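Here the structure comes first, spelled out in structure tokens, and everything after it is commentary.
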Amino acid sequence: MTSLQFWKPGTAGPGSTLDRATQAEENVIQSAPLSGNLSIQSARARLPIAKHREKLLYCIEQYGVTIVVGQTGCGKTTQLPQYLHEAGWSADGSVVACTQPRRVAATSVASRVAAEVGSILGDEVGYTIRFEDVSDKERTRILYMTDGMLFRETLVDPLLSRYSVIMIDEAHERSVYTDLMLGILKKIRRKRPSLRLIVSSATLDATSFLEYFTSGTPASSSGDEAIIVSLEGRMYPVQTAYLQEPAPDYVRKAAETVWNIHLQANQSLGEQQGSGDILVFLTGREDIDRCLEELTEMLPSLPRNAMRLRLLALHAGLSTDEQLAVFEPAERGSRKVIVSTNIAEASVTIEGIKFVVDSGFVKIRTYNPTTALSSLVTVPISRASATQRAGRAGRTSSGICYRLYPERAFNSLPVTTPPEITRVDLTTPILQLKSLGIDDLMKFEWVTAPPAESAVRALEGLYGAGMIGEGGGLTIVGEKVAECPVEVNIARMLFSSKEFKCGEEILTIAAMTAVQDVFVIPEGAAGALAELERRKFTAEEGDHITLLNAYNAFTRYGRSSSWCKSHALSFRAMSRAVSIRSQLKKYMQRFGLPLESCQGDAKRLRQCLVSGYWRNGARWVADGTYRSVRGNQVLHVHPNSVLFTRKPRSGWVIFHEMEETKKTQIRILTEIDPDWLLDYGHKYYDKRTGTSVSS
DNA sequence: GAGCACTGC
């Protein structure tokens with residue numbers, strides 16, 4: 001047996017590394033039923049947050065902004081809104097809101113709190129997420145919602161006047177909407193100082209949030225009245241172990257480490273002690289599959305008396321059933337090994353993990369404003385992420401985290417991951433800020449300002465698409481598009497469908513391009529069969545109409561999951577497309593856009609597509625790649641495209657998106673006539689200036 | 001001839 005070649009610097013108990021690992025355990029759907037109101041109340045009183053109740057209420061009363069630093073298990077997400085409710089903050093029709101970055105968190109926390117309050121979900125306690133509003137406009141006092149939904153509400157009610165307290169939970173995750181909300185709330189508090197704000201964060205960010213809320217014009221009413229409150233939580237100690245030298249191949253090292261953990265735990269500890277599952281953090285599906293392959297090859301050499309290993313993959317591309325498998329408890333005498341992407345860092349919580357193996361890498365999306373190109377790059381994680389990952393080993397008992405890098409490498413990691421707002425295309429956020437009346441982006445107080453080039457790029461794009469005028473203000477169509485929950489180019493397409501008389505079909509296409517992984521193509525022989533199934537939907541013109549065909553077939557054949565299974569479609573994705581379509585349909589009706597059918601006239605439909613995708617034109621070249629109209633960039637067709645193997649007759653296409661992975665790839669293509677790029681691309685621009693633009 | 005970090009409206 002090979003020994004574990006790790007150096008263990010010591011235990012990181014509460015008070016050292018791990019009290020920085022704050023993450024809402026409230027994210028987990030609680031399976032233990034609480035019976036009877038008495039036991040609920042005593043369970044509430046036992047939570048670590050309970051003894052800080054009066055202090056918290058005092059701070060919220062006295063300070064405009066309270067930054068709450070709370071560790072896993074302290075109960076802030078479930079208890080704080082209840083304390084506020086009990087203390088009268090929800091009297092006189094006021095609402096206490098608590099935002100979450102993810103839908104599941106908003107719904108599961110709401111149902112737990114409803115049970116604690118003794119209310120039916122949607123009555124006194126409710127939630128609001130996209131497509132689901134389980135709340136009562138009159139009666140709901142505590143409202144859990146996604147931060148995206150709260151942002152949307154500011155478009156309708158800019159002062160968020162129905163709320164007395166707003167708690168932005170998981171603020172350390174720094175999602176785009178969290179950052180936008182913090183900026184807007186700072187502004188709202190100037191106009192409405194009575195609004196109380198709670199920012200729930202990890203230790204590492206707390207001071208930066210404090211500085212953010214106390215800075216600004218000295219005379220402002222919101223300045224100088226923020227405070228940090230620290231809560232301790234419930235967490236078992238987790239030891240951290242580092243490699244002495246960096247591993248040349250972290251995937252292989254991860255497999256070896258899992259193997260060694262298993263053998264060592266098996267040998268040195270008894271049956272009870274030796275159990276405990278292993279969670280491995282890698283970057284993507286390719287790594288995960290390779291790691292699992294290596295482990296599978298080792299299995300035959302497992303000693304006869306050793307526990308068995310149950311090997312599982314976890315990433316977002318898996319079906320719901322496959323994802324659920326990681327929650328099944330391991331059988332007696334076996335140990336689960338879950339090899340996961342970053343999904344297990346915050347989005348998915350698995351109980352019973354005793355060992356974490358951390359590769360130290362993550363794939364993140366970055367955006368290059370000069371080329372307008374998104375790329376997915378593998379980068380070292382931040383110290384906050386490393387701490388968060390380690391914490392996954394200490395949820396149900398003490399644990400060990402094996403970091404596949406030396407301690408000196410940990411010390412040189414960035415403290416936090418750059419906020420998402422600095423890494424994305426700003427077209428939609430800027431359009432929405434303008435819709436809120438924030439025209440001067442230089443004056444908007446970003447928690448972290450995005451790169452100026454990204455803002456400039458987005459403004460140019462909005463101007464070119466006719467969403468903003470020369471003065472930088474919104475045009476009439478821009479105001480409408482800002483309300484639509486889709487990307488600007490897709491919204492533009494919906495609006496011009498009136499002219500091309502194809503609203504019915506464009507609506508479906510808009511919905512289908514908004515969902516990912518519509519086609520499910522498994523590995524091996526089943527994959528070949530699935531390919532044949534998919535071909536039944538294939539349209540000669542390209543992917544957009546192929547998606548349209550798939551959607552129409554889905555609705556025609558009863559919207560069933562079994563039908564999807566036999567036709568290589570994802571039921572989850574298709575159902576989501578149905579929801580998005582019906583939501584977008586309401587917007588079209590509101591804006592008076594007719595839902596006419598093009599009656600099979602694919603030409604008109606494709607012309608309408610060009611009106612949205614006019615910036616995404618590309619020309620086929622002899623080696624099978626494309627060149628972008630803007631920038632003459634080399635583009636490779638994504639293998640999922642129906643045009644992957646075929647040259648379009650005209651030699652020209654528009655595409656939905658491009659992304660840089662190993663190569664620059666374009667996804668969702670449709671053949672066009674190149675003249676359409678000029679005819680339908682610059683319509684709004686032409687009307688206003690009388691000139692055409694060279695791209 | 002070959003690929004899919006994760007959210008959210």
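Residue names in the structure tokens use chain letters A, B, ... in the order shown, residue numbers from 1 in each chain, and ligand numbers from 1 in the order shown.
Those residues of chain A that fall within 6 Å of chain B when using only C-alpha atoms (C1' of nucleotides) read Gly148, Lys363, Ile364, Pro485 and Pro639 of chain A.
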Residue list (alpha helix (DSSP H), DSSP) for range 329-475 of chain A, as a count of residues only:
40
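The interatomic distance for the pair CA of Met658 in chain A and CA of Cys564 in chain A works out to 27.4 Å.
Counting only C-alpha atoms, the residue from A:Gln82, A:Ser398, A:Gln41, A:Ser496 that sits nearest to Pro594 in chain A is A:Ser496.
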For Tyr63 in chain A, the closest of A:Leu197, A:Asp133, A:Leu159, A:Val96 counting only C-alpha atoms is A:Leu197
Going by DSSP on the backbone, which bits of range 257-461 of chain A are strand (DSSP E)? Write them as JSON, numbers by chain, please.
{"A": [277, 278, 279, 280, 281, 308, 309, 310, 311, 312, 313, 314, 334, 335, 336, 337, 338, 339, 340, 353, 354, 355, 356, 357, 358, 361, 362, 363, 364, 365, 366, 367, 368, 373, 374, 375, 376, 377, 378, 379, 380, 399, 400, 401, 402, 403]}
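Taking CA of Thr448 in chain A and CA of Tyr212 in chain A as the two end points, the separation is 9.3 Å.
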Range 299-309 of chain A surroundings by only C-alpha atoms (C1' of nucleotides), 10 Å radius, close-in-sequence under 3 positions cut, as an MDAnalysis selection string:
chainID A and resid 259 262:263 265:267 271 274:275 277:278 294:296 312 330:337
